[in-house]
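coords_24.cif (mmCIF, C-alpha atoms)
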data_data
loop_
_atom_site.group_PDB
_atom_site.id
_atom_site.type_symbol
_atom_site.label_atom_id
_atom_site.label_comp_id
_atom_site.auth_asym_id
_atom_site.auth_seq_id
_atom_site.Cartn_x
_atom_site.Cartn_y
_atom_site.Cartn_z
ATOM 1 C CA MET A 26 0.000 0.000 0.000
ATOM 2 C CA ALA A 27 1.494 3.320 -1.096
ATOM 3 C CA GLY A 28 1.237 6.460 0.938
ATOM 4 C CA SER A 29 2.883 8.367 3.708
ATOM 5 C CA LYS A 30 3.150 7.128 7.243
ATOM 6 C CA SER A 31 0.435 9.530 8.367
ATOM 7 C CA ASP A 32 -1.909 8.222 5.632
ATOM 8 C CA ILE A 33 -1.301 4.632 6.728
ATOM 9 C CA LEU A 34 -1.973 5.482 10.375
ATOM 10 C CA ALA A 35 -5.156 7.315 9.367
ATOM 11 C CA ALA A 36 -6.328 4.260 7.389
ATOM 12 C CA LEU A 37 -5.662 1.975 10.340
ATOM 13 C CA GLY A 38 -7.609 4.303 12.616
ATOM 14 C CA TRP A 39 -10.525 4.257 10.214
ATOM 15 C CA LEU A 40 -10.499 0.423 10.139
ATOM 16 C CA THR A 41 -10.401 0.287 13.937
ATOM 17 C CA ASP A 42 -13.351 2.657 14.157
ATOM 18 C CA ALA A 43 -15.179 0.435 11.646
ATOM 19 C CA GLY A 44 -14.809 -2.579 13.956
ATOM 20 C CA ALA A 45 -11.672 -4.344 12.680
ATOM 21 C CA ASP A 46 -9.809 -5.796 15.646
ATOM 22 C CA GLU A 47 -7.355 -8.300 14.154
ATOM 23 C CA ALA A 48 -5.240 -8.937 11.074
ATOM 24 C CA VAL A 49 -6.058 -11.930 8.848
ATOM 25 C CA CYS A 50 -2.430 -12.516 7.845
ATOM 26 C CA ASP A 51 0.953 -12.052 9.434
ATOM 27 C CA ALA A 52 2.104 -10.016 6.396
ATOM 28 C CA PRO A 53 0.179 -7.463 4.316
ATOM 29 C CA VAL A 54 -1.297 -8.746 1.031
ATOM 30 C CA ASP A 55 -1.298 -6.647 -2.136
ATOM 31 C CA HIS A 56 -4.509 -7.698 -3.923
ATOM 32 C CA PHE A 57 -3.650 -5.479 -6.903
ATOM 33 C CA ALA A 58 -0.389 -7.306 -7.687
ATOM 34 C CA VAL A 59 -0.236 -9.444 -10.864
ATOM 35 C CA PRO A 60 0.222 -13.170 -9.958
ATOM 36 C CA ASP A 61 3.277 -15.069 -11.170
ATOM 37 C CA ALA A 62 2.910 -17.174 -14.307
ATOM 38 C CA LYS A 63 3.546 -20.416 -12.422
ATOM 39 C CA ASP A 64 0.626 -19.648 -10.131
ATOM 40 C CA ALA A 65 -1.678 -18.609 -12.962
ATOM 41 C CA GLY A 66 -1.906 -22.165 -14.334
ATOM 42 C CA ALA A 67 -2.350 -23.857 -10.998
ATOM 43 C CA LYS A 68 -5.632 -25.573 -10.381
ATOM 44 C CA LYS A 69 -7.913 -23.398 -8.379
ATOM 45 C CA GLN A 70 -8.879 -25.013 -5.072
ATOM 46 C CA PRO A 71 -12.542 -24.932 -4.123
ATOM 47 C CA GLU A 72 -13.443 -22.553 -1.379
ATOM 48 C CA PRO A 73 -14.679 -24.087 1.843
ATOM 49 C CA ALA A 74 -18.401 -24.099 2.254
ATOM 50 C CA VAL A 75 -19.639 -21.368 4.528
ATOM 51 C CA ARG A 76 -22.812 -21.893 6.496
ATOM 52 C CA PRO A 77 -25.120 -18.940 5.947
ATOM 53 C CA THR A 78 -25.864 -16.854 8.956
ATOM 54 C CA ALA A 79 -29.304 -15.879 10.158
ATOM 55 C CA ARG A 80 -29.079 -12.523 8.370
ATOM 56 C CA ASP A 81 -28.495 -14.308 5.028
ATOM 57 C CA GLU A 82 -31.619 -16.505 5.351
ATOM 58 C CA PRO A 83 -35.042 -15.500 4.031
ATOM 59 C CA ALA A 84 -36.762 -13.147 6.393
ATOM 60 C CA ALA A 85 -40.109 -14.895 5.804
ATOM 61 C CA LEU A 86 -38.954 -17.941 7.775
ATOM 62 C CA GLY A 87 -38.931 -15.995 11.011
ATOM 63 C CA GLN A 88 -37.038 -16.732 14.203
ATOM 64 C CA GLY A 89 -37.245 -20.351 15.359
ATOM 65 C CA ALA A 90 -38.334 -21.617 11.960
ATOM 66 C CA ARG A 91 -35.205 -21.078 9.865
ATOM 67 C CA GLN A 92 -34.231 -23.695 7.318
ATOM 68 C CA THR A 93 -30.798 -24.839 6.276
ATOM 69 C CA ILE A 94 -29.956 -23.237 2.927
ATOM 70 C CA SER A 95 -27.449 -25.841 1.854
ATOM 71 C CA ALA A 96 -27.316 -29.502 2.881
ATOM 72 C CA ARG A 97 -25.424 -32.570 1.838
ATOM 73 C CA THR A 98 -27.399 -34.723 -0.543
ATOM 74 C CA ASP A 99 -25.265 -37.778 0.214
ATOM 75 C CA ALA A 100 -25.903 -37.737 3.951
ATOM 76 C CA PRO A 101 -27.566 -40.895 5.366
ATOM 77 C CA PRO A 102 -31.232 -40.562 6.339
ATOM 78 C CA ILE A 103 -31.918 -39.653 9.942
ATOM 79 C CA GLN A 104 -33.240 -42.604 11.920
ATOM 80 C CA PRO A 105 -35.996 -41.967 14.479
ATOM 81 C CA PRO A 106 -34.808 -42.397 18.061
ATOM 82 C CA THR A 107 -35.675 -45.595 19.889
ATOM 83 C CA PRO A 108 -38.368 -44.853 22.485
ATOM 84 C CA THR A 109 -37.132 -45.185 26.039
ATOM 85 C CA ASN A 110 -38.739 -45.252 29.445
ATOM 86 C CA SER A 111 -37.924 -43.057 32.424
ATOM 87 C CA TYR A 112 -34.883 -45.216 33.115
ATOM 88 C CA GLY A 113 -33.448 -44.659 29.627
ATOM 89 C CA ARG A 114 -34.122 -48.254 28.599
ATOM 90 C CA PRO A 115 -35.799 -49.171 25.290
ATOM 91 C CA THR A 116 -39.521 -49.743 25.617
ATOM 92 C CA ALA A 117 -41.518 -52.482 23.934
ATOM 93 C CA ARG A 118 -42.859 -51.857 20.471
ATOM 94 C CA ALA A 119 -46.565 -51.742 19.761
ATOM 95 C CA ASP A 120 -46.657 -55.394 18.707
ATOM 96 C CA THR A 121 -45.489 -56.469 22.187
ATOM 97 C CA ASP A 122 -47.687 -54.078 24.179
ATOM 98 C CA SER A 123 -49.861 -56.551 26.083
ATOM 99 C CA ILE A 124 -51.764 -53.825 27.924
ATOM 100 C CA GLY A 125 -52.593 -52.058 24.667
ATOM 101 C CA GLN A 126 -53.738 -55.369 23.192
ATOM 102 C CA ALA A 127 -55.920 -55.969 26.244
ATOM 103 C CA VAL A 128 -57.552 -52.550 25.857
ATOM 104 C CA GLU A 129 -58.305 -53.105 22.162
ATOM 105 C CA THR A 130 -59.483 -56.678 22.648
ATOM 106 C CA ALA A 131 -61.776 -55.864 25.559
ATOM 107 C CA ALA A 132 -63.264 -52.811 23.848
ATOM 108 C CA ALA A 133 -64.221 -54.912 20.827
ATOM 109 C CA CYS A 134 -66.389 -57.267 22.936
ATOM 110 C CA ASN A 135 -70.115 -56.544 22.845
ATOM 111 C CA SER A 136 -71.390 -59.343 25.084
ATOM 112 C CA LEU A 137 -70.296 -61.390 28.063
ATOM 113 C CA ILE A 138 -69.908 -64.418 25.802
ATOM 114 C CA GLU A 139 -67.548 -62.495 23.532
ATOM 115 C CA LEU A 140 -65.601 -61.182 26.522
ATOM 116 C CA ARG A 141 -65.152 -64.670 27.943
ATOM 117 C CA SER A 142 -63.930 -65.999 24.588
ATOM 118 C CA ALA A 143 -61.528 -63.068 24.246
ATOM 119 C CA LEU A 144 -60.071 -63.719 27.711
ATOM 120 C CA GLU A 145 -59.589 -67.402 26.995
ATOM 121 C CA ALA A 146 -57.680 -66.506 23.809
ATOM 122 C CA PHE A 147 -55.642 -63.689 25.362
ATOM 123 C CA ASP A 148 -51.981 -64.497 26.052
ATOM 124 C CA GLY A 149 -50.789 -61.084 27.253
ATOM 125 C CA CYS A 150 -50.818 -61.901 30.976
ATOM 126 C CA SER A 151 -47.978 -64.019 32.335
ATOM 127 C CA LEU A 152 -50.283 -65.554 34.959
ATOM 128 C CA LYS A 153 -52.039 -67.538 32.275
ATOM 129 C CA LYS A 154 -48.888 -69.603 31.668
ATOM 130 C CA THR A 155 -49.017 -71.110 35.159
ATOM 131 C CA ALA A 156 -52.814 -71.248 35.581
ATOM 132 C CA THR A 157 -54.960 -74.297 34.902
ATOM 133 C CA LYS A 158 -58.101 -72.502 33.748
ATOM 134 C CA THR A 159 -59.383 -69.033 32.970
ATOM 135 C CA VAL A 160 -61.774 -68.017 35.757
ATOM 136 C CA PHE A 161 -64.400 -65.730 34.250
ATOM 137 C CA ALA A 162 -67.505 -65.331 36.456
ATOM 138 C CA ASP A 163 -70.384 -67.058 38.231
ATOM 139 C CA GLY A 164 -73.951 -66.181 39.126
ATOM 140 C CA THR A 165 -76.514 -64.095 37.294
ATOM 141 C CA PRO A 166 -76.121 -60.502 36.065
ATOM 142 C CA ARG A 167 -79.872 -59.878 35.790
ATOM 143 C CA ASN A 168 -80.376 -58.053 39.078
ATOM 144 C CA GLY A 169 -77.391 -55.729 38.740
ATOM 145 C CA ILE A 170 -75.668 -56.779 41.990
ATOM 146 C CA MET A 171 -71.987 -57.352 41.189
ATOM 147 C CA PHE A 172 -69.336 -58.685 43.564
ATOM 148 C CA ILE A 173 -65.665 -58.365 42.570
ATOM 149 C CA GLY A 174 -62.932 -60.322 44.333
ATOM 150 C CA GLU A 175 -59.166 -60.362 44.022
ATOM 151 C CA ALA A 176 -57.959 -63.464 42.177
ATOM 152 C CA PRO A 177 -58.673 -67.183 41.882
ATOM 153 C CA GLY A 178 -57.233 -69.575 44.456
ATOM 154 C CA ARG A 179 -56.291 -73.221 44.031
ATOM 155 C CA GLU A 180 -59.883 -74.538 44.049
ATOM 156 C CA GLU A 181 -61.038 -71.801 41.678
ATOM 157 C CA ASP A 182 -58.148 -72.521 39.325
ATOM 158 C CA ILE A 183 -59.229 -76.162 39.144
ATOM 159 C CA ALA A 184 -62.964 -75.523 38.825
ATOM 160 C CA GLY A 185 -62.760 -72.483 36.563
ATOM 161 C CA LEU A 186 -65.253 -70.597 38.783
ATOM 162 C CA PRO A 187 -64.731 -67.811 41.355
ATOM 163 C CA PHE A 188 -65.222 -68.361 45.106
ATOM 164 C CA VAL A 189 -65.740 -72.105 45.285
ATOM 165 C CA GLY A 190 -63.240 -72.909 48.078
ATOM 166 C CA ARG A 191 -63.487 -72.210 51.802
ATOM 167 C CA ALA A 192 -63.690 -68.454 51.234
ATOM 168 C CA GLY A 193 -66.402 -69.029 48.641
ATOM 169 C CA LYS A 194 -68.498 -71.080 51.048
ATOM 170 C CA LEU A 195 -68.236 -68.302 53.622
ATOM 171 C CA LEU A 196 -69.237 -65.751 50.971
ATOM 172 C CA ASP A 197 -72.344 -67.818 50.175
ATOM 173 C CA LYS A 198 -73.316 -67.735 53.876
ATOM 174 C CA MET A 199 -72.740 -63.979 53.998
ATOM 175 C CA LEU A 200 -74.952 -63.470 50.962
ATOM 176 C CA ALA A 201 -77.670 -65.716 52.344
ATOM 177 C CA ALA A 202 -77.712 -63.663 55.558
ATOM 178 C CA ILE A 203 -79.058 -60.677 53.610
ATOM 179 C CA GLY A 204 -81.257 -62.591 51.160
ATOM 180 C CA LEU A 205 -78.807 -62.817 48.264
ATOM 181 C CA SER A 206 -77.512 -65.780 46.283
ATOM 182 C CA ARG A 207 -75.289 -66.290 43.264
ATOM 183 C CA ASN A 208 -77.876 -68.737 41.959
ATOM 184 C CA SER A 209 -80.588 -66.115 41.662
ATOM 185 C CA ASN A 210 -79.537 -62.488 42.040
ATOM 186 C CA VAL A 211 -75.766 -61.969 42.454
ATOM 187 C CA TYR A 212 -72.993 -61.914 39.840
ATOM 188 C CA ILE A 213 -69.402 -62.639 40.944
ATOM 189 C CA THR A 214 -66.043 -62.124 39.228
ATOM 190 C CA ASN A 215 -62.432 -61.219 40.077
ATOM 191 C CA VAL A 216 -59.926 -58.523 39.164
ATOM 192 C CA LEU A 217 -57.623 -61.243 37.836
ATOM 193 C CA ASN A 218 -58.828 -64.142 35.740
ATOM 194 C CA TRP A 219 -55.849 -66.407 36.430
ATOM 195 C CA ARG A 220 -54.420 -67.642 39.699
ATOM 196 C CA PRO A 221 -51.112 -66.076 40.823
ATOM 197 C CA PRO A 222 -48.662 -68.833 41.816
ATOM 198 C CA GLY A 223 -48.874 -69.541 45.524
ATOM 199 C CA ASN A 224 -51.826 -67.136 45.841
ATOM 200 C CA ARG A 225 -49.388 -64.210 46.000
ATOM 201 C CA ASP A 226 -50.477 -60.634 45.267
ATOM 202 C CA PRO A 227 -50.387 -59.812 41.555
ATOM 203 C CA SER A 228 -47.614 -57.631 40.192
ATOM 204 C CA PRO A 229 -48.558 -54.219 38.715
ATOM 205 C CA ASP A 230 -47.999 -55.534 35.173
ATOM 206 C CA GLU A 231 -50.151 -58.608 35.777
ATOM 207 C CA ALA A 232 -52.993 -56.529 37.154
ATOM 208 C CA ALA A 233 -52.670 -53.910 34.405
ATOM 209 C CA SER A 234 -53.110 -56.518 31.668
ATOM 210 C CA CYS A 235 -56.340 -57.756 33.312
ATOM 211 C CA LEU A 236 -57.927 -54.426 34.236
ATOM 212 C CA PRO A 237 -59.181 -53.569 30.706
ATOM 213 C CA PHE A 238 -61.170 -56.816 30.738
ATOM 214 C CA LEU A 239 -62.557 -56.060 34.207
ATOM 215 C CA ARG A 240 -63.663 -52.575 33.170
ATOM 216 C CA ARG A 241 -65.361 -53.948 30.069
ATOM 217 C CA HIS A 242 -66.899 -56.698 32.210
ATOM 218 C CA VAL A 243 -68.462 -54.062 34.468
ATOM 219 C CA GLU A 244 -69.703 -52.082 31.459
ATOM 220 C CA LEU A 245 -71.377 -55.127 29.930
ATOM 221 C CA VAL A 246 -73.058 -56.140 33.196
ATOM 222 C CA SER A 247 -73.945 -52.488 33.908
ATOM 223 C CA PRO A 248 -74.616 -53.155 37.599
ATOM 224 C CA SER A 249 -76.588 -50.943 39.947
ATOM 225 C CA VAL A 250 -74.472 -51.875 42.987
ATOM 226 C CA ILE A 251 -70.856 -53.074 43.161
ATOM 227 C CA VAL A 252 -69.278 -54.784 46.169
ATOM 228 C CA LEU A 253 -65.465 -55.008 46.290
ATOM 229 C CA LEU A 254 -64.089 -57.902 48.309
ATOM 230 C CA GLY A 255 -60.705 -57.180 49.825
ATOM 231 C CA ALA A 256 -57.820 -54.750 49.505
ATOM 232 C CA VAL A 257 -56.573 -55.867 46.079
ATOM 233 C CA ALA A 258 -59.989 -55.553 44.439
ATOM 234 C CA THR A 259 -60.542 -52.152 46.045
ATOM 235 C CA ARG A 260 -57.120 -50.842 45.055
ATOM 236 C CA HIS A 261 -57.359 -51.845 41.406
ATOM 237 C CA ALA A 262 -61.052 -51.137 40.822
ATOM 238 C CA LEU A 263 -61.086 -47.721 42.490
ATOM 239 C CA GLY A 264 -57.448 -46.755 42.032
ATOM 240 C CA ARG A 265 -57.203 -45.942 45.732
ATOM 241 C CA SER A 266 -54.122 -46.601 47.830
ATOM 242 C CA ASP A 267 -55.968 -46.333 51.153
ATOM 243 C CA GLY A 268 -56.066 -49.473 53.275
ATOM 244 C CA ILE A 269 -59.184 -51.612 53.231
ATOM 245 C CA MET A 270 -59.859 -50.833 56.896
ATOM 246 C CA ARG A 271 -60.038 -47.154 56.035
ATOM 247 C CA LEU A 272 -62.321 -47.612 53.022
ATOM 248 C CA ARG A 273 -64.593 -50.474 54.097
ATOM 249 C CA GLY A 274 -68.129 -49.668 55.160
ATOM 250 C CA LYS A 275 -68.158 -46.353 53.265
ATOM 251 C CA TRP A 276 -69.951 -45.967 49.960
ATOM 252 C CA GLN A 277 -67.785 -44.992 47.016
ATOM 253 C CA GLU A 278 -68.703 -44.433 43.360
ATOM 254 C CA TYR A 279 -67.703 -45.979 40.043
ATOM 255 C CA TYR A 280 -68.495 -44.457 36.641
ATOM 256 C CA VAL A 281 -70.334 -46.939 34.414
ATOM 257 C CA ASN A 282 -72.041 -46.177 31.100
ATOM 258 C CA GLY A 283 -72.705 -42.520 31.816
ATOM 259 C CA ARG A 284 -73.767 -42.865 35.449
ATOM 260 C CA MET A 285 -72.222 -43.162 38.881
ATOM 261 C CA VAL A 286 -72.746 -46.542 40.542
ATOM 262 C CA PRO A 287 -72.538 -46.973 44.350
ATOM 263 C CA VAL A 288 -69.591 -49.144 45.423
ATOM 264 C CA MET A 289 -69.083 -50.778 48.819
ATOM 265 C CA PRO A 290 -65.583 -51.991 49.733
ATOM 266 C CA THR A 291 -65.612 -54.697 52.383
ATOM 267 C CA LEU A 292 -63.412 -57.405 53.872
ATOM 268 C CA HIS A 293 -62.486 -60.466 51.836
ATOM 269 C CA PRO A 294 -63.959 -63.769 53.108
ATOM 270 C CA ALA A 295 -60.465 -65.304 53.149
ATOM 271 C CA TYR A 296 -59.383 -62.573 55.563
ATOM 272 C CA LEU A 297 -62.391 -63.288 57.767
ATOM 273 C CA LEU A 298 -61.401 -66.956 57.933
ATOM 274 C CA ARG A 299 -58.072 -65.878 59.399
ATOM 275 C CA ARG A 300 -59.475 -63.160 61.666
ATOM 276 C CA ALA A 301 -62.968 -64.093 62.779
ATOM 277 C CA ILE A 302 -63.200 -61.158 65.196
ATOM 278 C CA ASP A 303 -63.618 -58.808 62.224
ATOM 279 C CA LYS A 304 -66.772 -60.581 61.052
ATOM 280 C CA ARG A 305 -68.674 -57.936 63.009
ATOM 281 C CA LEU A 306 -67.239 -55.311 60.650
ATOM 282 C CA ALA A 307 -68.257 -57.366 57.626
ATOM 283 C CA TRP A 308 -71.761 -57.739 59.074
ATOM 284 C CA HIS A 309 -72.065 -53.960 59.306
ATOM 285 C CA ASP A 310 -71.048 -53.702 55.638
ATOM 286 C CA LEU A 311 -73.551 -56.402 54.639
ATOM 287 C CA GLN A 312 -76.345 -54.465 56.306
ATOM 288 C CA GLU A 313 -75.361 -51.377 54.331
ATOM 289 C CA ILE A 314 -75.396 -53.436 51.139
ATOM 290 C CA SER A 315 -78.791 -54.922 51.963
ATOM 291 C CA ALA A 316 -80.296 -51.491 52.611
ATOM 292 C CA LYS A 317 -78.957 -50.176 49.299
ATOM 293 C CA VAL A 318 -80.195 -53.189 47.343
ATOM 294 C CA ASN A 319 -83.663 -52.897 48.818
ATOM 295 C CA SER A 320 -83.848 -49.137 48.313
ATOM 296 C CA LEU A 321 -83.083 -49.626 44.623
ATOM 297 C CA GLY A 322 -85.552 -52.498 44.256
ATOM 298 C CA LEU A 323 -82.863 -54.790 42.871
ATOM 299 C CA LEU A 324 -84.360 -57.994 44.241
ATOM 300 C CA GLU A 325 -87.085 -57.757 41.638
ATOM 301 C CA VAL A 326 -85.714 -59.833 38.764
ATOM 302 C CA ARG A 327 -85.233 -57.718 35.690
ATOM 303 C CA SER A 328 -84.881 -58.777 32.110
ATOM 304 C CA LEU A 329 -81.374 -59.181 30.760
ATOM 305 C CA ARG A 330 -79.956 -55.971 29.411
ATOM 306 C CA GLY A 331 -78.039 -55.862 26.180
#

Structure rendered as structure tokens:
Amino acid sequence: MAGSKSDILAALGWLTDAGADEAVCDAPVDHFAVPDAKDAGAKKQPEPAVRPTARDEPAALGQGARQTISARTDAPPIQPPTPTNSYGRPTARADTDSIGQAVETAAACNSLIELRSALEAFDGCSLKKTATKTVFADGTPRNGIMFIGEAPGREEDIAGLPFVGRAGKLLDKMLAAIGLSRNSNVYITNVLNWRPPGNRDPSPDEAASCLPFLRRHVELVSPSVIVLLGAVATRHALGRSDGIMRLRGKWQEYYVNGRMVPVMPTLHPAYLLRRAIDKRLAWHDLQEISAKVNSLGLLEVRSLRG
């Protein structure tokens, strides 16, 4: 660059005022100089690609919706991420979602016969692998009085019917004490349709794969009164974590087919066999159930509802 020292200093001051704060080369470059002949024939190297800045992009895109102006056409396609659970582990795909299958299968059933057939064909609950039979229900749904227990025991697993062992015989006596019977006006089922090994409590996954069938079961019966036998039935049917001693004897509600149905949690007959002193509590609950049944006129046999 030609010029006096004062001109050069003035130019540098102007560049500084304009925002220049560093030199791009260690030595000045004369861009007006004629290149040497040996450099003129050299192959020109491609300039590195420069990613456009936000000010170079179309203003119509707006902030937060800017698109990449240039992209590699040979880049591999982006694969969708594998879904993970809260622990960062891969989750099951839709074809292995037993709970989702249970929901779809149960919802497609339009009668108790269809629901029973669907349960017998369903393989999404691990309890079925160790069970002898699918335990569906017993009694009559005509009067709208529905009892729901926890799970089949050894005798129920063999017979394929709920409450046929010692606890079942006690339940029959309890029903008879207030004028009820599974042979004429009571319908009985369980939360689980297969016996847990050793009569243990079901795991959350085991219960979750059965609950869609229970909910559809209740919808198809469309009861006017529901009685929940024991802590497991109460917890899964109502979604309450309170202990059975806190909930028993107090009317709750369950939404069925557009209406709220009264629900009475009470003690399981198997518990009463172990702790006979609490039969007095169960008797109080039975009296509450009897009063509700009579107030609703449910002992008058009604025609089967669709």

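The result of the PyMOL selection byres ((chain A and resi 142) around 12) on the shown file is A:Thr130, A:Ala131, A:Ala133, A:Cys134, A:Asn135, A:Ser136, A:Leu137, A:Ile138, A:Glu139, A:Leu140, A:Arg141, A:Ala143, A:Leu144, A:Glu145, A:Ala146, A:Phe147, A:Thr159, A:Val160, A:Phe161, A:Phe238.
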
For the selection you just gave me, I'd like the residues written to a file as a CSV table (one decimal), in the coordinates of the input, keeping C-alpha atoms.
chain,number,residue,atom,x,y,z
A,130,THR,CA,-59.5,-56.7,22.6
A,131,ALA,CA,-61.8,-55.9,25.6
A,133,ALA,CA,-64.2,-54.9,20.8
A,134,CYS,CA,-66.4,-57.3,22.9
A,135,ASN,CA,-70.1,-56.5,22.8
A,136,SER,CA,-71.4,-59.3,25.1
A,137,LEU,CA,-70.3,-61.4,28.1
A,138,ILE,CA,-69.9,-64.4,25.8
A,139,GLU,CA,-67.5,-62.5,23.5
A,140,LEU,CA,-65.6,-61.2,26.5
A,141,ARG,CA,-65.2,-64.7,27.9
A,143,ALA,CA,-61.5,-63.1,24.2
A,144,LEU,CA,-60.1,-63.7,27.7
A,145,GLU,CA,-59.6,-67.4,27.0
A,146,ALA,CA,-57.7,-66.5,23.8
A,147,PHE,CA,-55.6,-63.7,25.4
A,159,THR,CA,-59.4,-69.0,33.0
A,160,VAL,CA,-61.8,-68.0,35.8
A,161,PHE,CA,-64.4,-65.7,34.2
A,238,PHE,CA,-61.2,-56.8,30.7

- Do you know which residues are at most 10 Å from segment 276-285 of chain A counting only C-alpha atoms, after dropping those on the same chain fewer than 2 positions away, and could you put them as a ChimeraX atom specification? /A:240-241,243-252,262-263,272-274,287-290,310,313-314,317

- Message: Can you translate the PyMOL selection byres ((chain A and resi 323) around 9) into the concrete residues it hits in this file, as a PyMOL selection string?
- Response: chain A and resi 168-170+210+249-250+317-322+324-327

- Item | Å distance separating atom CA of Lys275 of chain A from atom CA of Thr291 of chain A, one decimal place |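 Those two atoms sit 8.8 Å apart.
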
- Task: Choose the residue, out of A:Arg299, A:Arg220, A:His242, A:Lys30, that has the smallest atom-to-atom separation from Leu152 of chain A; count all atoms listed in the file.
- Result: A:Arg220

Box for segment 209-226 of chain A - axis-aligned, 4 Å on each of the six sides, all listed atoms - centre and size in Å to one decimal, as AutoDock Vina command-line options.
--center_x -64.6 --center_y -64.0 --center_z 40.9 --size_x 39.9 --size_y 19.0 --size_z 18.3

- Message: Between A:Ile33, A:Ala232, A:Phe172, A:Trp219, which residue has the minimum interatomic distance to Ala127 of chain A, considering only C-alpha atoms?
- Response: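 Among A:Ile33, A:Ala232, A:Phe172, A:Trp219, it is A:Ala232 that comes nearest to Ala127 of chain A.
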
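In this comparison, which uses only C-alpha atoms, the residue of A:Val211, A:Ile269, A:Ala202, A:Leu297 approaching Leu311 of chain A most closely is A:Ala202.
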
- Please provide the set of residues having any atom within 12 Å of Arg271 of chain A, restricted to only C-alpha atoms, with same-chain residues fewer than 6 positions apart removed, written as a list of chain:residue names.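 Once the nearby chain positions are removed, what remains is A:Gly255, A:Ala256, A:Thr259, A:Arg260, A:Arg265, A:Pro290, A:Thr291, A:Leu292, A:Leu306.
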
- Coordinates-based distance that separates atom CA of Val257 of chain A from atom CA of Asp197 of chain A (Å, one decimal):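 Pair atom CA of Asp197 of chain A / atom CA of Val257 of chain A returns 20.2 Å.
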
- Near-Asn208 of chain A list (10 Å; only C-alpha atoms; drop same-chain fewer than 3 positions) as a PyMOL selection string: chain A and resi 163-165+197+205+211-212

Once you have the residues from the selection above, write them out as a tab-separated table (two decimals), keeping the file's coordinate frame, restricted to C-alpha atoms.
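Writing done, so here's again-v5.tsv:
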chain	number	residue	atom	x	y	z
A	163	ASP	CA	-70.38	-67.06	38.23
A	164	GLY	CA	-73.95	-66.18	39.13
A	165	THR	CA	-76.51	-64.10	37.29
A	197	ASP	CA	-72.34	-67.82	50.18
A	205	LEU	CA	-78.81	-62.82	48.26
A	211	VAL	CA	-75.77	-61.97	42.45
A	212	TYR	CA	-72.99	-61.91	39.84

- I need the residue set behind the PyMOL selection byres ((chain A and resi 176) around 8) for this file; please write it as a list in words.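 Evaluating the PyMOL selection byres ((chain A and resi 176) around 8) on this file yields Gly174, Glu175, Pro177, Gly178, Asn215, Val216, Leu217, Asn218, Trp219, Arg220 and Pro221 of chain A.
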
- atom CA of Ile213 of chain A to atom CA of Leu239 of chain A, straight-line distance in Å: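 Separation between atom CA of Leu239 of chain A and atom CA of Ile213 of chain A: 11.6 Å.
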
- Item | Which residue of A:Trp308, A:Thr214, A:Lys153, A:Leu254 approaches Ala201 of chain A most closely, using all atoms listed in the file |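 Going through A:Trp308, A:Thr214, A:Lys153, A:Leu254 one by one, the smallest distance to Ala201 of chain A is for A:Trp308.
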